[in-house]
file work-v8.txt (compact mmCIF, C-alpha atoms and all ligand atoms)
# COMPACT_ATOMS: atom_id res chain seq x y z
CA MET A 1 35.24 -8.28 -13.53
CA PRO A 2 34.89 -6.49 -10.17
CA PRO A 3 38.12 -5.64 -8.35
CA ALA A 4 39.48 -8.34 -6.01
CA SER A 5 38.47 -6.37 -2.91
CA ASP A 6 34.77 -6.62 -3.75
CA PRO A 7 32.96 -9.31 -1.78
CA PRO A 8 30.45 -11.37 -3.71
CA GLN A 9 27.18 -9.44 -3.70
CA GLY A 10 25.32 -12.17 -1.82
CA ALA A 11 27.73 -11.80 1.11
CA CYS A 12 27.43 -8.02 1.37
CA ILE A 13 26.01 -7.05 4.77
CA PHE A 14 24.61 -3.72 3.53
CA CYS A 15 22.83 -5.48 0.63
CA SER A 16 21.35 -7.86 3.22
CA ILE A 17 20.19 -4.90 5.33
CA ALA A 18 18.74 -3.19 2.23
CA ARG A 19 16.81 -6.39 1.48
CA HIS A 20 15.65 -6.56 5.13
CA GLU A 21 17.39 -9.91 5.52
CA ALA A 22 19.82 -8.67 8.19
CA PRO A 23 18.66 -6.59 11.16
CA ALA A 24 19.39 -2.89 11.42
CA ARG A 25 17.94 0.17 13.13
CA ILE A 26 16.63 1.80 9.98
CA VAL A 27 15.89 5.54 10.22
CA HIS A 28 14.98 6.20 6.58
CA GLU A 29 14.22 4.13 3.52
CA ASP A 30 12.99 4.83 0.01
CA GLU A 31 13.22 3.09 -3.33
CA GLN A 32 16.88 3.84 -3.90
CA THR A 33 18.43 4.53 -0.50
CA ILE A 34 18.46 3.40 3.10
CA ALA A 35 19.91 4.93 6.29
CA PHE A 36 20.51 3.09 9.56
CA LEU A 37 22.43 3.38 12.82
CA ASP A 38 26.02 2.23 12.77
CA ILE A 39 26.34 -0.94 14.85
CA PHE A 40 29.64 0.25 16.44
CA PRO A 41 29.13 4.00 16.64
CA LEU A 42 31.97 6.48 16.94
CA SER A 43 29.53 8.85 18.65
CA ARG A 44 25.92 8.95 19.73
CA GLY A 45 23.74 8.96 16.61
CA HIS A 46 26.43 7.77 14.15
CA THR A 47 24.37 6.94 11.07
CA LEU A 48 25.15 5.38 7.69
CA VAL A 49 23.52 6.54 4.45
CA VAL A 50 23.61 3.89 1.76
CA PRO A 51 22.42 3.44 -1.84
CA LYS A 52 20.46 0.20 -2.16
CA ALA A 53 22.28 -0.68 -5.38
CA HIS A 54 25.51 -2.51 -4.63
CA VAL A 55 28.45 -0.36 -5.64
CA ASP A 56 31.78 -0.31 -3.87
CA ARG A 57 32.72 3.29 -4.70
CA LEU A 58 31.20 6.68 -5.30
CA THR A 59 32.87 6.62 -8.70
CA ASP A 60 30.87 3.46 -9.55
CA LEU A 61 27.52 4.99 -8.63
CA PRO A 62 25.26 5.59 -11.65
CA PRO A 63 24.80 9.38 -11.96
CA ASP A 64 21.02 9.07 -11.76
CA GLN A 65 21.52 7.91 -8.15
CA TYR A 66 23.48 10.98 -7.06
CA ALA A 67 20.38 13.04 -6.30
CA PRO A 68 18.48 10.39 -4.28
CA LEU A 69 21.58 9.63 -2.22
CA MET A 70 22.34 13.30 -1.56
CA SER A 71 18.71 13.89 -0.67
CA THR A 72 18.79 11.11 1.94
CA LEU A 73 22.12 12.39 3.26
CA ALA A 74 20.63 15.88 3.73
CA ARG A 75 17.52 14.41 5.35
CA VAL A 76 19.61 12.44 7.84
CA CYS A 77 21.75 15.53 8.54
CA ARG A 78 18.65 17.59 9.32
CA ARG A 79 17.56 14.92 11.76
CA VAL A 80 21.00 14.64 13.33
CA GLU A 81 20.82 18.41 13.87
CA LYS A 82 18.11 17.69 16.46
CA MET A 83 20.95 16.16 18.49
CA SER A 84 23.92 18.31 17.49
CA ARG A 85 24.55 20.93 14.82
CA HIS A 86 28.14 19.68 14.66
CA TYR A 87 28.95 16.55 12.71
CA ASN A 88 31.41 15.02 10.28
CA ILE A 89 30.36 13.44 7.00
CA GLY A 90 32.78 11.02 5.41
CA ILE A 91 33.37 8.17 3.03
CA ASN A 92 36.22 5.71 3.56
CA GLN A 93 37.16 4.61 0.09
CA GLY A 94 39.51 1.65 -0.23
CA ALA A 95 41.02 -0.58 2.46
CA LEU A 96 43.97 1.77 3.03
CA ALA A 97 41.49 4.54 3.81
CA GLY A 98 39.78 2.34 6.39
CA GLN A 99 36.93 0.94 4.30
CA ILE A 100 35.76 -2.34 5.77
CA VAL A 101 32.34 -2.66 4.14
CA PHE A 102 32.75 -2.56 0.37
CA HIS A 103 29.33 -1.15 -0.33
CA LEU A 104 29.31 2.62 -0.71
CA HIS A 105 28.14 4.52 2.37
CA PHE A 106 28.34 7.96 3.92
CA HIS A 107 29.06 8.20 7.62
CA VAL A 108 27.29 10.99 9.51
CA ILE A 109 29.10 11.32 12.83
CA PRO A 110 27.61 13.78 15.34
CA ARG A 111 30.09 15.73 17.47
CA TYR A 112 29.54 16.84 21.04
CA GLU A 113 31.26 19.23 23.42
CA ASP A 114 32.42 16.43 25.69
CA GLN A 115 34.36 14.86 22.79
CA PRO A 116 36.25 17.75 21.19
CA THR A 117 38.68 15.62 19.16
CA PHE A 118 37.53 13.27 16.44
CA PRO A 119 36.43 10.04 18.16
CA ARG A 120 38.80 7.15 17.56
CA HIS A 121 37.17 4.55 19.75
CA ARG A 122 33.98 2.80 18.91
CA ARG A 123 31.64 1.81 21.61
CA GLY A 124 28.81 -0.61 21.93
CA ILE A 125 25.23 0.52 21.97
CA THR A 126 22.50 -0.97 24.10
CA ASP A 127 19.21 -2.05 22.55
CA GLN A 128 17.46 0.58 24.61
CA GLU A 129 19.78 3.34 23.33
CA ALA A 130 19.40 2.11 19.76
CA VAL A 131 15.61 2.11 20.01
CA GLU A 132 15.59 5.67 21.39
CA LEU A 133 18.08 6.97 18.83
CA ALA A 134 16.32 5.29 15.92
CA ALA A 135 13.02 6.84 17.05
CA LEU A 136 14.59 10.30 17.24
CA LEU A 137 16.32 9.98 13.86
CA SER A 138 13.30 8.50 12.10
CA THR A 139 11.32 11.69 12.17
CA ASP A 140 11.95 15.09 10.64
CA ALA A 141 12.46 18.11 12.89
CA SER A 142 9.34 20.19 13.38
CA PRO A 143 9.39 23.38 11.32
CA PRO A 144 10.40 26.48 13.32
CA GLY A 145 7.58 28.40 15.04
P1 LIG B 201 33.79 1.69 6.67
O1 LIG B 201 35.02 1.58 7.51
O2 LIG B 201 33.66 0.59 5.65
O3 LIG B 201 33.64 3.07 6.08
O4 LIG B 201 32.61 1.60 7.69
C1 LIG B 201 31.76 0.52 7.82
C2 LIG B 201 30.85 0.83 8.99
O5 LIG B 201 29.82 -0.11 9.00
C3 LIG B 201 31.56 0.76 10.33
O6 LIG B 201 31.39 2.01 11.02
C4 LIG B 201 30.87 -0.40 11.05
O7 LIG B 201 30.70 -0.18 12.44
C5 LIG B 201 29.55 -0.48 10.32
N1 LIG B 201 29.00 -1.82 10.25
C6 LIG B 201 29.67 -2.97 9.92
N2 LIG B 201 28.83 -4.03 9.93
C7 LIG B 201 27.62 -3.53 10.27
C8 LIG B 201 26.33 -4.16 10.44
O8 LIG B 201 26.16 -5.37 10.30
N3 LIG B 201 25.30 -3.33 10.78
C9 LIG B 201 25.47 -1.98 10.95
N4 LIG B 201 24.40 -1.27 11.30
N5 LIG B 201 26.66 -1.37 10.79
C10 LIG B 201 27.72 -2.14 10.47
ZN ZN B 202 26.17 -4.50 -1.13

call {"tool": "encode", "arguments": {"input": "work-v8.txt", "output": "structure tokens"}}
result
Amino acid sequence: MPPASDPPQGACIFCSIARHEAPARIVHEDEQTIAFLDIFPLSRGHTLVVPKAHVDRLTDLPPDQYAPLMSTLARVCRRVEKMSRHYNIGINQGALAGQIVFHLHFHVIPRYEDQPTFPRHRRGITDQEAVELAALLSTDASPPG
């Protein structure tokens, strides 16, 4: 039996995004993982990195999925570095820790000089901004030289 906090899988928004049934600004996708812009970003470029398999917690993730997930996380970080070399990576695990979507995800939250303390307020994002950000974060940085 899953814990009481788990929503039924059919109602999970990140499963719906992974199945392309709900809209999202996807910046990377492969067989096992997907990454997309956060709908209420804490900063410009706030991105979520998600295993396609529905698990609530990192401790539920099958070990053979560690490497694909970490690989996508590193890929997204390299792309975020086109915008800022400063960012926080985090997982909120459990409602008391602020988890609101009970499908495992890493947050990658870019930090900028004009926002020196950790952002606490979410802001909306226009379609235009989302299109531009998704385009930037969908491609790898060119190799140096
Ligand atoms: P948590 O607090 O569970 O770690 O974070 C969940 C994140 O998912 C939040 O930052 C929230 O803005 C984001 N989020 C919630 N619903 C959606 C959605 O439908 N689409 C996208 N792209 N992000 C979402
Ligand atoms: Zn799910």

call {"tool": "atom_distance", "arguments": {"input": "work-v8.txt", "atom1": "CA of His46 (chain A)", "atom2": "CA of Pro68 (chain A)"}}
result
20.2 Å

call {"tool": "atom_distance", "arguments": {"input": "work-v8.txt", "atom1": "CA of Ile17 (chain A)", "atom2": "CA of Ala134 (chain A)"}}
result
15.2 Å

call {"tool": "atom_distance", "arguments": {"input": "work-v8.txt", "atom1": "CA of Glu81 (chain A)", "atom2": "CA of Val108 (chain A)"}}
result
10.8 Å

call {"tool": "closest_atom_pairs", "arguments": {"input": "work-v8.txt", "of": "chain A", "to": "ligand LIG 201 (chain B)", "cutoff": "6 Å", "atoms": "only C-alpha atoms and all ligand atoms", "output": "Markdown table"}}
result
| residue | atom | partner | partner_atom | distance |
| --- | --- | --- | --- | --- |
| A:Ile13 | CA | B:LIG201 | O8 | 5.8 |
| A:Ala24 | CA | B:LIG201 | N4 | 5.3 |
| A:Leu37 | CA | B:LIG201 | N4 | 5.3 |
| A:Asp38 | CA | B:LIG201 | N4 | 4.1 |
| A:Ile39 | CA | B:LIG201 | N4 | 4.1 |
| A:Phe40 | CA | B:LIG201 | O7 | 4.2 |
| A:Ile91 | CA | B:LIG201 | O3 | 5.9 |
| A:Asn92 | CA | B:LIG201 | O3 | 4.5 |
| A:Gly98 | CA | B:LIG201 | O1 | 4.9 |
| A:Gln99 | CA | B:LIG201 | O2 | 3.6 |
| A:Ile100 | CA | B:LIG201 | O2 | 3.6 |
| A:Val101 | CA | B:LIG201 | O2 | 3.8 |

call {"tool": "write_last_selection", "arguments": {"input": "work-v8.txt", "atoms": "C-alpha atoms", "output": "PDB file, in the coordinates of the input"}}
result
ATOM      1  CA  ILE A  13      26.010  -7.050   4.770  1.00  0.00           C
ATOM      2  CA  ALA A  24      19.390  -2.890  11.420  1.00  0.00           C
ATOM      3  CA  LEU A  37      22.430   3.380  12.820  1.00  0.00           C
ATOM      4  CA  ASP A  38      26.020   2.230  12.770  1.00  0.00           C
ATOM      5  CA  ILE A  39      26.340  -0.940  14.850  1.00  0.00           C
ATOM      6  CA  PHE A  40      29.640   0.250  16.440  1.00  0.00           C
ATOM      7  CA  ILE A  91      33.370   8.170   3.030  1.00  0.00           C
ATOM      8  CA  ASN A  92      36.220   5.710   3.560  1.00  0.00           C
ATOM      9  CA  GLY A  98      39.780   2.340   6.390  1.00  0.00           C
ATOM     10  CA  GLN A  99      36.930   0.940   4.300  1.00  0.00           C
ATOM     11  CA  ILE A 100      35.760  -2.340   5.770  1.00  0.00           C
ATOM     12  CA  VAL A 101      32.340  -2.660   4.140  1.00  0.00           C
TER      13      VAL A 101
END

call {"tool": "residues_near_ligand", "arguments": {"input": "work-v8.txt", "ligand": "ligand ZN 202 (chain B)", "cutoff": "8 Å", "atoms": "all atoms listed in the file", "output": "ChimeraX atom specification"}}
result
/A:9-16,52-56,102-104

call {"tool": "closest_residue", "arguments": {"input": "work-v8.txt", "among": "A:Pro116, A:Ala135, A:Pro62, A:His107", "to": "Pro41 (chain A)", "atoms": "all atoms listed in the file"}}
result
A:His107

call {"tool": "closest_residue", "arguments": {"input": "work-v8.txt", "among": "A:Gly124, A:Thr47, A:Pro110, A:Glu21", "to": "Met83 (chain A)", "atoms": "all atoms listed in the file"}}
result
A:Pro110

call {"tool": "closest_residue", "arguments": {"input": "work-v8.txt", "among": "A:Ser142, A:Gln32, A:Thr117, A:Thr126", "to": "Asp64 (chain A)", "atoms": "only C-alpha atoms"}}
result
A:Gln32

call {"tool": "closest_residue", "arguments": {"input": "work-v8.txt", "among": "A:Arg44, A:Arg85, A:Arg57, A:Arg78", "to": "Pro119 (chain A)", "atoms": "all atoms listed in the file"}}
result
A:Arg44

call {"tool": "residues_around", "arguments": {"input": "work-v8.txt", "residues": "Arg75 (chain A)", "least_positions_apart": "5", "cutoff": "12 Å", "atoms": "only C-alpha atoms", "output": "list in words"}}
result
Val27, His28, Glu29, Asp30, Thr33, Ile34, Ala35, Thr47, Val49, Pro68, Leu69, Met70, Val80, Glu81, Lys82, Val108, Leu137, Ser138, Thr139, Asp140 and Ala141 of chain A

call {"tool": "closest_residue", "arguments": {"input": "work-v8.txt", "among": "A:Ala74, A:Ile109, A:Leu58, A:Ala22", "to": "Gly94 (chain A)", "atoms": "all atoms listed in the file"}}
result
A:Leu58

call {"tool": "residues_around", "arguments": {"input": "work-v8.txt", "residues": "Ser43 (chain A)", "least_positions_apart": "6", "cutoff": "10 Å", "atoms": "all atoms listed in the file", "output": "JSON list (two decimals) with C-alpha atoms, in the frame of the given file"}}
result
[["chain", "number", "residue", "atom", "x", "y", "z"],
["A", 87, "TYR", "CA", 28.95, 16.55, 12.71],
["A", 108, "VAL", "CA", 27.29, 10.99, 9.51],
["A", 109, "ILE", "CA", 29.10, 11.32, 12.83],
["A", 110, "PRO", "CA", 27.61, 13.78, 15.34],
["A", 111, "ARG", "CA", 30.09, 15.73, 17.47],
["A", 112, "TYR", "CA", 29.54, 16.84, 21.04],
["A", 115, "GLN", "CA", 34.36, 14.86, 22.79],
["A", 118, "PHE", "CA", 37.53, 13.27, 16.44],
["A", 119, "PRO", "CA", 36.43, 10.04, 18.16],
["A", 120, "ARG", "CA", 38.80, 7.15, 17.56],
["A", 121, "HIS", "CA", 37.17, 4.55, 19.75],
["A", 122, "ARG", "CA", 33.98, 2.80, 18.91],
["A", 123, "ARG", "CA", 31.64, 1.81, 21.61],
["A", 125, "ILE", "CA", 25.23, 0.52, 21.97]]

call {"tool": "closest_residue", "arguments": {"input": "work-v8.txt", "among": "A:Pro63, A:Ala18, A:Pro23, A:Glu129", "to": "Val50 (chain A)", "atoms": "all atoms listed in the file"}}
result
A:Ala18

call {"tool": "build_atoms", "arguments": {"input": "work-v8.txt", "residues": "region 67-99 of chain A", "atoms": "N, CA and C atoms", "output": "PDB file, in the frame of the given file"}}
result
ATOM      1  N   ALA A  67      21.371  12.179  -6.960  1.00  0.00           N
ATOM      2  CA  ALA A  67      20.380  13.040  -6.300  1.00  0.00           C
ATOM      3  C   ALA A  67      19.642  12.313  -5.174  1.00  0.00           C
ATOM      4  N   PRO A  68      19.147  11.077  -5.397  1.00  0.00           N
ATOM      5  CA  PRO A  68      18.480  10.390  -4.280  1.00  0.00           C
ATOM      6  C   PRO A  68      19.400  10.194  -3.071  1.00  0.00           C
ATOM      7  N   LEU A  69      20.659   9.875  -3.346  1.00  0.00           N
ATOM      8  CA  LEU A  69      21.580   9.630  -2.220  1.00  0.00           C
ATOM      9  C   LEU A  69      21.855  10.925  -1.466  1.00  0.00           C
ATOM     10  N   MET A  70      22.071  12.004  -2.213  1.00  0.00           N
ATOM     11  CA  MET A  70      22.340  13.300  -1.560  1.00  0.00           C
ATOM     12  C   MET A  70      21.108  13.770  -0.786  1.00  0.00           C
ATOM     13  N   SER A  71      19.941  13.491  -1.336  1.00  0.00           N
ATOM     14  CA  SER A  71      18.710  13.890  -0.670  1.00  0.00           C
ATOM     15  C   SER A  71      18.554  13.150   0.668  1.00  0.00           C
ATOM     16  N   THR A  72      18.865  11.863   0.681  1.00  0.00           N
ATOM     17  CA  THR A  72      18.790  11.110   1.940  1.00  0.00           C
ATOM     18  C   THR A  72      19.868  11.573   2.906  1.00  0.00           C
ATOM     19  N   LEU A  73      21.045  11.884   2.383  1.00  0.00           N
ATOM     20  CA  LEU A  73      22.120  12.390   3.260  1.00  0.00           C
ATOM     21  C   LEU A  73      21.660  13.692   3.932  1.00  0.00           C
ATOM     22  N   ALA A  74      21.085  14.599   3.158  1.00  0.00           N
ATOM     23  CA  ALA A  74      20.630  15.880   3.730  1.00  0.00           C
ATOM     24  C   ALA A  74      19.504  15.648   4.737  1.00  0.00           C
ATOM     25  N   ARG A  75      18.626  14.718   4.428  1.00  0.00           N
ATOM     26  CA  ARG A  75      17.520  14.410   5.350  1.00  0.00           C
ATOM     27  C   ARG A  75      18.074  13.905   6.685  1.00  0.00           C
ATOM     28  N   VAL A  76      19.016  12.985   6.612  1.00  0.00           N
ATOM     29  CA  VAL A  76      19.610  12.440   7.840  1.00  0.00           C
ATOM     30  C   VAL A  76      20.346  13.563   8.594  1.00  0.00           C
ATOM     31  N   CYS A  77      21.046  14.422   7.870  1.00  0.00           N
ATOM     32  CA  CYS A  77      21.750  15.530   8.540  1.00  0.00           C
ATOM     33  C   CYS A  77      20.764  16.438   9.279  1.00  0.00           C
ATOM     34  N   ARG A  78      19.646  16.744   8.642  1.00  0.00           N
ATOM     35  CA  ARG A  78      18.650  17.590   9.320  1.00  0.00           C
ATOM     36  C   ARG A  78      18.172  16.926  10.599  1.00  0.00           C
ATOM     37  N   ARG A  79      18.010  15.631  10.560  1.00  0.00           N
ATOM     38  CA  ARG A  79      17.560  14.920  11.760  1.00  0.00           C
ATOM     39  C   ARG A  79      18.642  14.875  12.827  1.00  0.00           C
ATOM     40  N   VAL A  80      19.878  14.650  12.389  1.00  0.00           N
ATOM     41  CA  VAL A  80      21.000  14.640  13.330  1.00  0.00           C
ATOM     42  C   VAL A  80      21.114  16.011  14.011  1.00  0.00           C
ATOM     43  N   GLU A  81      20.739  17.064  13.289  1.00  0.00           N
ATOM     44  CA  GLU A  81      20.820  18.410  13.870  1.00  0.00           C
ATOM     45  C   GLU A  81      19.888  18.580  15.061  1.00  0.00           C
ATOM     46  N   LYS A  82      18.928  17.665  15.228  1.00  0.00           N
ATOM     47  CA  LYS A  82      18.110  17.690  16.460  1.00  0.00           C
ATOM     48  C   LYS A  82      18.973  17.333  17.655  1.00  0.00           C
ATOM     49  N   MET A  83      20.071  16.605  17.403  1.00  0.00           N
ATOM     50  CA  MET A  83      20.950  16.160  18.490  1.00  0.00           C
ATOM     51  C   MET A  83      22.169  17.060  18.617  1.00  0.00           C
ATOM     52  N   SER A  84      22.742  17.437  17.489  1.00  0.00           N
ATOM     53  CA  SER A  84      23.920  18.310  17.490  1.00  0.00           C
ATOM     54  C   SER A  84      24.032  18.961  16.119  1.00  0.00           C
ATOM     55  N   ARG A  85      24.347  20.251  16.107  1.00  0.00           N
ATOM     56  CA  ARG A  85      24.550  20.930  14.820  1.00  0.00           C
ATOM     57  C   ARG A  85      25.979  20.714  14.309  1.00  0.00           C
ATOM     58  N   HIS A  86      26.735  19.921  15.023  1.00  0.00           N
ATOM     59  CA  HIS A  86      28.140  19.680  14.660  1.00  0.00           C
ATOM     60  C   HIS A  86      28.288  18.204  14.301  1.00  0.00           C
ATOM     61  N   TYR A  87      28.766  17.951  13.107  1.00  0.00           N
ATOM     62  CA  TYR A  87      28.950  16.550  12.710  1.00  0.00           C
ATOM     63  C   TYR A  87      29.941  16.479  11.554  1.00  0.00           C
ATOM     64  N   ASN A  88      30.542  15.319  11.423  1.00  0.00           N
ATOM     65  CA  ASN A  88      31.410  15.020  10.280  1.00  0.00           C
ATOM     66  C   ASN A  88      30.664  14.098   9.330  1.00  0.00           C
ATOM     67  N   ILE A  89      30.881  14.342   8.033  1.00  0.00           N
ATOM     68  CA  ILE A  89      30.360  13.440   7.000  1.00  0.00           C
ATOM     69  C   ILE A  89      31.572  12.875   6.283  1.00  0.00           C
ATOM     70  N   GLY A  90      31.599  11.576   6.083  1.00  0.00           N
ATOM     71  CA  GLY A  90      32.780  11.020   5.410  1.00  0.00           C
ATOM     72  C   GLY A  90      32.492   9.735   4.671  1.00  0.00           C
ATOM     73  N   ILE A  91      33.376   9.460   3.721  1.00  0.00           N
ATOM     74  CA  ILE A  91      33.370   8.170   3.030  1.00  0.00           C
ATOM     75  C   ILE A  91      34.789   7.621   3.144  1.00  0.00           C
ATOM     76  N   ASN A  92      34.934   6.392   3.609  1.00  0.00           N
ATOM     77  CA  ASN A  92      36.220   5.710   3.560  1.00  0.00           C
ATOM     78  C   ASN A  92      36.233   4.912   2.257  1.00  0.00           C
ATOM     79  N   GLN A  93      37.185   5.215   1.413  1.00  0.00           N
ATOM     80  CA  GLN A  93      37.160   4.610   0.090  1.00  0.00           C
ATOM     81  C   GLN A  93      38.446   3.834  -0.142  1.00  0.00           C
ATOM     82  N   GLY A  94      38.328   2.507  -0.089  1.00  0.00           N
ATOM     83  CA  GLY A  94      39.510   1.650  -0.230  1.00  0.00           C
ATOM     84  C   GLY A  94      40.011   1.210   1.137  1.00  0.00           C
ATOM     85  N   ALA A  95      40.575   0.003   1.184  1.00  0.00           N
ATOM     86  CA  ALA A  95      41.020  -0.580   2.460  1.00  0.00           C
ATOM     87  C   ALA A  95      42.049   0.308   3.156  1.00  0.00           C
ATOM     88  N   LEU A  96      42.940   0.935   2.395  1.00  0.00           N
ATOM     89  CA  LEU A  96      43.970   1.770   3.030  1.00  0.00           C
ATOM     90  C   LEU A  96      43.371   3.013   3.672  1.00  0.00           C
ATOM     91  N   ALA A  97      42.196   3.385   3.226  1.00  0.00           N
ATOM     92  CA  ALA A  97      41.490   4.540   3.810  1.00  0.00           C
ATOM     93  C   ALA A  97      40.555   4.096   4.924  1.00  0.00           C
ATOM     94  N   GLY A  98      40.581   2.821   5.260  1.00  0.00           N
ATOM     95  CA  GLY A  98      39.780   2.340   6.390  1.00  0.00           C
ATOM     96  C   GLY A  98      38.461   1.723   6.008  1.00  0.00           C
ATOM     97  N   GLN A  99      38.214   1.545   4.703  1.00  0.00           N
ATOM     98  CA  GLN A  99      36.930   0.940   4.300  1.00  0.00           C
ATOM     99  C   GLN A  99      36.923  -0.528   4.697  1.00  0.00           C
TER     100      GLN A  99
END
